[in-house]
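Enquirer: This one is final.cif, mmCIF, C-alpha atoms.
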data_query
#
loop_
_atom_site.label_atom_id
_atom_site.label_comp_id
_atom_site.auth_asym_id
_atom_site.auth_seq_id
_atom_site.Cartn_x
_atom_site.Cartn_y
_atom_site.Cartn_z
CA MET L 19 21.60 -4.65 -27.80
CA THR L 20 24.84 -5.47 -26.06
CA GLN L 21 25.38 -9.01 -24.86
CA PRO L 22 27.81 -9.44 -21.93
CA GLU L 23 30.20 -12.35 -22.01
CA THR L 24 29.62 -12.93 -18.31
CA LEU L 25 27.27 -11.66 -15.64
CA GLY L 26 30.16 -10.09 -13.76
CA GLY L 27 33.57 -10.92 -12.38
CA ASN L 28 32.21 -12.27 -9.09
CA ALA L 29 29.43 -14.37 -10.63
CA VAL L 30 31.02 -17.78 -10.07
CA ALA L 31 31.98 -16.94 -6.50
CA ALA L 32 28.43 -15.76 -5.83
CA ILE L 33 26.90 -19.21 -6.43
CA ARG L 34 27.82 -21.50 -3.56
CA PRO L 35 26.47 -25.08 -3.41
CA ASP L 36 27.47 -25.23 0.28
CA TYR L 37 25.11 -22.36 1.17
CA PRO L 38 21.74 -23.28 2.73
CA GLU L 39 19.97 -21.05 0.19
CA PRO L 40 18.84 -23.04 -2.89
CA LEU L 41 20.97 -22.52 -6.00
CA TRP L 42 18.11 -21.09 -8.04
CA ILE L 43 17.48 -18.46 -5.34
CA GLN L 44 21.18 -17.58 -5.41
CA VAL L 45 20.92 -17.09 -9.19
CA ILE L 46 17.92 -14.79 -8.72
CA ASN L 47 19.81 -12.74 -6.14
CA LEU L 48 22.86 -12.56 -8.40
CA ILE L 49 20.92 -11.31 -11.43
CA ASN L 50 18.95 -8.81 -9.33
CA ASN L 51 22.23 -7.48 -7.97
CA GLU L 52 23.79 -7.24 -11.43
CA ILE L 53 20.78 -5.20 -12.58
CA ALA L 54 20.80 -2.98 -9.49
CA THR L 55 24.50 -2.20 -9.93
CA GLY L 56 24.16 -1.47 -13.65
CA VAL L 57 26.13 -4.46 -14.95
CA LEU L 58 22.96 -5.61 -16.68
CA LYS L 59 20.96 -2.74 -18.17
CA PRO L 60 17.33 -2.57 -19.39
CA GLY L 61 17.00 -4.28 -22.78
CA MET L 62 20.28 -6.17 -22.45
CA ARG L 63 20.31 -9.84 -23.47
CA LEU L 64 21.72 -12.39 -21.06
CA PRO L 65 24.36 -14.86 -22.26
CA PRO L 66 23.00 -18.11 -23.76
CA GLU L 67 21.75 -20.69 -21.28
CA ARG L 68 24.64 -23.07 -21.97
CA GLU L 69 27.18 -20.35 -21.16
CA LEU L 70 25.34 -19.35 -18.01
CA CYS L 71 25.20 -22.96 -16.81
CA GLN L 72 28.94 -23.36 -17.39
CA GLN L 73 29.79 -20.03 -15.84
CA LEU L 74 27.71 -20.62 -12.70
CA SER L 75 28.27 -24.41 -12.51
CA ILE L 76 24.56 -25.15 -12.32
CA SER L 77 22.16 -27.33 -14.28
CA ARG L 78 19.84 -25.99 -16.96
CA VAL L 79 16.85 -27.02 -14.82
CA THR L 80 18.14 -24.84 -11.97
CA LEU L 81 18.88 -21.95 -14.31
CA ARG L 82 15.48 -22.05 -15.99
CA LYS L 83 13.71 -22.15 -12.63
CA ALA L 84 15.51 -18.94 -11.65
CA LEU L 85 14.97 -17.22 -15.00
CA SER L 86 11.28 -18.15 -15.10
CA GLN L 87 10.78 -16.70 -11.63
CA LEU L 88 12.51 -13.48 -12.70
CA VAL L 89 10.17 -13.27 -15.69
CA GLU L 90 7.21 -13.74 -13.35
CA ASP L 91 8.63 -10.98 -11.12
CA GLY L 92 8.88 -8.66 -14.12
CA VAL L 93 12.66 -8.42 -13.93
CA LEU L 94 13.34 -10.34 -17.16
CA SER L 95 11.45 -11.00 -20.36
CA ALA L 96 11.74 -14.08 -22.56
CA SER L 97 11.83 -14.08 -26.36
CA HIS L 98 11.25 -17.49 -27.92
CA GLY L 99 14.32 -18.56 -29.85
CA ARG L 100 16.24 -15.38 -28.99
CA GLY L 101 16.96 -15.64 -25.28
CA TRP L 102 16.38 -13.81 -22.02
CA TYR L 103 16.37 -10.02 -21.71
CA VAL L 104 16.42 -7.52 -18.87
CA ALA L 105 12.98 -5.92 -18.79
CA GLN L 106 12.80 -2.40 -20.20
CA THR L 107 10.72 -1.28 -17.20
CA PRO L 108 12.24 -2.58 -13.94
CA ALA L 109 9.91 -4.45 -11.62
CA VAL L 110 8.78 -2.78 -8.39
CA GLY L 111 9.56 -5.92 -6.42
CA LYS L 112 13.32 -5.39 -6.40
CA ASP L 113 15.41 -5.54 -3.29
CA PHE L 114 15.49 -2.47 -1.12
CA PRO L 115 18.86 -1.64 0.42
CA ASN L 116 20.04 -2.00 3.98
CA SER L 117 21.63 1.46 3.88
CA LEU L 118 19.82 4.56 5.14
CA GLU L 119 18.29 5.79 1.91
CA SER L 120 15.09 7.68 1.24
CA PHE L 121 12.21 6.14 -0.71
CA THR L 122 12.85 8.64 -3.51
CA GLU L 123 16.57 7.84 -3.60
CA THR L 124 15.81 4.12 -3.78
CA ALA L 125 13.32 4.70 -6.61
CA THR L 126 15.85 6.78 -8.57
CA ARG L 127 18.51 4.10 -8.17
CA MET L 128 16.05 1.51 -9.47
CA GLY L 129 14.96 3.67 -12.41
CA LEU L 130 11.44 4.17 -11.06
CA ALA L 131 9.30 7.25 -10.38
CA ALA L 132 8.43 7.86 -6.72
CA THR L 133 5.24 9.75 -5.91
CA SER L 134 2.89 9.96 -2.94
CA ARG L 135 -0.74 10.41 -2.05
CA VAL L 136 -0.58 12.71 0.96
CA LEU L 137 -3.12 11.73 3.60
CA ARG L 138 -2.00 14.19 6.25
CA ALA L 139 0.63 16.92 6.65
CA GLU L 140 0.10 19.04 9.72
CA ALA L 141 1.43 19.94 13.18
CA LYS L 142 -0.24 18.54 16.28
CA PRO L 143 0.69 18.49 20.01
CA ALA L 144 2.67 15.42 21.08
CA THR L 145 0.92 12.82 23.19
CA LEU L 146 2.71 11.29 26.18
CA ASP L 147 3.86 8.29 24.14
CA GLU L 148 4.97 10.41 21.20
CA ALA L 149 6.85 12.78 23.49
CA GLU L 150 8.67 9.88 25.14
CA GLU L 151 9.81 8.27 21.89
CA LEU L 152 11.10 11.57 20.50
CA GLY L 153 12.56 12.91 23.76
CA VAL L 154 10.42 16.05 23.89
CA ALA L 155 7.90 17.47 26.38
CA PRO L 156 4.25 16.41 26.05
CA GLY L 157 2.34 18.97 24.03
CA THR L 158 5.36 19.86 21.88
CA PRO L 159 4.16 20.50 18.30
CA LEU L 160 4.98 17.52 16.08
CA PHE L 161 4.81 17.53 12.30
CA HIS L 162 2.70 14.56 11.19
CA LEU L 163 3.22 13.32 7.65
CA GLU L 164 1.15 10.40 6.37
CA ARG L 165 1.53 9.22 2.78
CA VAL L 166 0.77 6.34 0.46
CA ARG L 167 4.08 5.75 -1.34
CA LEU L 168 3.99 4.69 -4.99
CA LEU L 169 6.55 3.43 -7.51
CA ASP L 170 5.52 4.02 -11.13
CA ASP L 171 1.98 4.62 -9.79
CA VAL L 172 1.91 1.24 -7.99
CA PRO L 173 1.12 1.61 -4.26
CA ILE L 174 3.96 0.09 -2.25
CA ALA L 175 3.60 1.34 1.32
CA VAL L 176 1.82 3.56 3.81
CA ASP L 177 4.30 5.83 5.57
CA VAL L 178 3.46 7.59 8.85
CA THR L 179 6.19 9.94 10.11
CA ARG L 180 6.36 12.23 13.15
CA MET L 181 9.06 14.74 14.09
CA PRO L 182 9.34 17.88 16.27
CA ALA L 183 8.02 20.72 14.12
CA ALA L 184 10.67 23.13 15.42
CA LEU L 185 13.45 21.09 13.77
CA ALA L 186 12.17 21.95 10.29
CA PRO L 187 9.36 24.55 10.36
CA SER L 188 9.35 24.73 6.55
CA LEU L 189 7.96 21.20 6.16
CA GLU L 190 4.34 22.35 6.40
CA SER L 191 4.75 24.31 3.14
CA VAL L 192 6.29 21.41 1.17
CA ASP L 193 4.23 19.52 -1.42
CA PHE L 194 5.03 15.93 -0.46
CA ALA L 195 3.06 14.50 -3.37
CA THR L 196 6.33 14.70 -5.30
CA ALA L 197 8.90 16.08 -2.82
CA SER L 198 11.34 13.87 -0.92
CA PHE L 199 11.10 14.04 2.87
CA TYR L 200 14.85 13.52 3.22
CA GLN L 201 15.57 16.25 0.68
CA ALA L 202 13.25 18.63 2.53
CA LEU L 203 15.10 17.83 5.75
CA ALA L 204 18.46 18.46 4.08
CA GLU L 205 17.26 21.86 2.85
CA ALA L 206 16.23 22.66 6.44
CA GLY L 207 19.69 21.68 7.70
CA VAL L 208 18.56 18.42 9.29
CA GLU L 209 20.70 15.36 8.50
CA PRO L 210 19.83 11.91 9.87
CA LEU L 211 22.92 9.85 10.61
CA ARG L 212 21.37 6.47 11.40
CA ALA L 213 17.99 4.81 11.79
CA ASP L 214 17.31 1.96 14.18
CA ALA L 215 14.62 -0.25 12.70
CA THR L 216 12.44 -3.22 13.60
CA ILE L 217 10.48 -5.19 11.00
CA GLU L 218 7.63 -7.58 11.65
CA ALA L 219 4.97 -9.34 9.62
CA ARG L 220 1.32 -8.56 10.32
CA GLU L 221 -2.07 -8.93 8.73
CA THR L 222 -3.24 -5.83 6.91
CA THR L 223 -5.95 -3.67 8.45
CA ALA L 224 -8.96 -2.40 6.53
CA ALA L 225 -7.48 1.11 6.22
CA VAL L 226 -4.09 -0.07 4.94
CA ALA L 227 -5.71 -2.64 2.64
CA GLU L 228 -7.74 0.10 0.99
CA HIS L 229 -4.70 2.32 0.44
CA LEU L 230 -2.54 -0.49 -0.97
CA GLY L 231 -5.21 -2.32 -2.94
CA LEU L 232 -4.97 -5.48 -0.84
CA GLU L 233 -7.47 -7.87 0.65
CA ILE L 234 -8.01 -7.45 4.39
CA GLY L 235 -5.82 -9.92 6.26
CA LYS L 236 -3.15 -10.17 3.56
CA PRO L 237 0.42 -10.14 4.91
CA VAL L 238 2.23 -6.81 5.23
CA LEU L 239 5.67 -5.92 6.54
CA VAL L 240 5.70 -3.17 9.15
CA MET L 241 8.97 -1.33 9.66
CA ARG L 242 9.35 1.11 12.53
CA GLN L 243 12.34 3.44 12.31
CA VAL L 244 13.80 5.92 14.78
CA ALA L 245 16.23 8.23 12.99
CA VAL L 246 18.91 9.99 15.03
CA ASP L 247 21.47 12.72 14.37
CA GLU L 248 25.22 12.66 15.03
CA ARG L 249 24.58 13.38 18.73
CA GLU L 250 22.22 10.39 18.93
CA HIS L 251 19.21 12.67 19.43
CA PRO L 252 15.95 11.36 17.90
CA LEU L 253 14.93 13.31 14.80
CA PHE L 254 11.83 11.50 13.63
CA VAL L 255 9.90 8.27 13.99
CA SER L 256 8.43 6.49 10.98
CA THR L 257 6.10 3.50 10.73
CA ILE L 258 6.08 2.17 7.18
CA THR L 259 3.67 -0.60 6.19
CA TYR L 260 4.71 -2.39 2.99
CA ALA L 261 2.59 -4.66 0.83
CA GLY L 262 4.21 -8.02 1.52
CA GLU L 263 4.63 -9.15 -2.09
CA ARG L 264 6.02 -5.77 -3.22
CA TYR L 265 8.87 -5.34 -0.78
CA ARG L 266 12.04 -7.28 -0.07
CA LEU L 267 14.76 -6.07 2.28
CA ARG L 268 18.33 -7.07 1.53
CA THR L 269 20.67 -7.32 4.50
CA ASN L 270 24.01 -8.83 5.43
CA PHE L 271 25.09 -10.95 8.37
CA ALA L 272 28.69 -11.53 9.42
CA ARG L 273 30.14 -13.76 12.10
CA THR L 274 32.29 -12.06 14.70
CA ARG L 275 35.36 -13.77 16.06
#
Represent the supplied structure as structure tokens.

Expert:
Amino acid sequence: MTQPETLGGNAVAAIRPDYPEPLWIQVINLINNEIATGVLKPGMRLPPERELCQQLSISRVTLRKALSQLVEDGVLSASHGRGWYVAQTPAVGKDFPNSLESFTETATRMGLAATSRVLRAEAKPATLDEAEELGVAPGTPLFHLERVRLLDDVPIAVDVTRMPAALAPSLESVDFATASFYQALAEAGVEPLRADATIEARETTAAVAEHLGLEIGKPVLVMRQVAVDEREHPLFVSTITYAGERYRLRTNFARTR
């Protein structure tokens, strides 16, 4: 197994003692990012602890706290007397991106298998509220797609999506147990440009708890997305309920001058 001399060229700059985020959390984020970008590959051994501490200008206590948490998360594995290794099977709790990317695309990037349990895939007339959010007339046929999304057979989220059926009539014949919704849209000539999203924490309902294998009342993250095309016309609306401990959204904030 190859052992890198460093975690990456920007490793030192990535650990900032003046940031409000604790140093050990910064180390976790750094290693997760190095794995996601392919700098650290499955089975690869990390540099020795002494080198990591020198490279990142942190104490061994801080480093071990970060590495131990990554082991608990399934990202790393520890071998007594030999060091720390990137897990052969990536953990499902990795960061999800802040770019518009399908669940299947995210899974592929992370080296995981995306599948679904399809709960519903049918056309139904739009209610008043549904018509308003999609900019169509009430009664317009909408394609309803409801799925339990899984990564390596682990249930991650319940995804409920609605879109005007006329935009992609072929969707009703697609097997979404394995097919990608975004890929099916692309094949129908539909290309989302952007999705406006809101995310909030809630307590899980009985129905969602059953699908995700959670206790009722456990925290979930609910993301509502409205995807639009290049003309800013709504294409579809999705409400995705993630198991709280299995999903983490990475985002960026910048100050404007």

Enquirer: Which of these, L:Thr223, L:Asn50, L:Thr196, L:Ser120, has the shortest distance to Ala132 of chain L once you count only C-alpha atoms?

Expert: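 Smallest distance to Ala132 of chain L is found for L:Thr196.
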
Enquirer: Given the choices L:Pro182, L:Ala105, L:Leu230, L:Arg165, which gets closest to Thr257 of chain L if the distance is worked out from all atoms listed in the file?

Expert: L:Arg165

Enquirer: Quick one: of L:Tyr200, L:Tyr265, L:Phe254, L:Tyr37, who's nearest to Phe121 of chain L, counting all atoms listed in the file?

Expert: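 Among the listed residues, L:Tyr200 lies closest to Phe121 of chain L.
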
Enquirer: Rounded to one decimal place, report the atom CA of Gln73 of chain L-atom CA of Ala96 of chain L distance in Å.

Expert: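 Atom-to-atom, atom CA of Gln73 of chain L and atom CA of Ala96 of chain L are spaced 20.2 Å apart.
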
Enquirer: Taking the file as I've supplied it (selection: the PyMOL selection byres ((chain L and resi 169) around 6)), which residues are included? Please answer as a list in words.

Expert: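 Written out, the selection comes to Ala131, Ala132, Leu168, Asp170, Asp171 and Val172 of chain L.
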
Enquirer: What does the distance from atom CA of Ala195 of chain L to atom CA of Ala144 of chain L come to in Å, to one decimal?

Expert: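 Distance reported for this atom pair: 24.5 Å.
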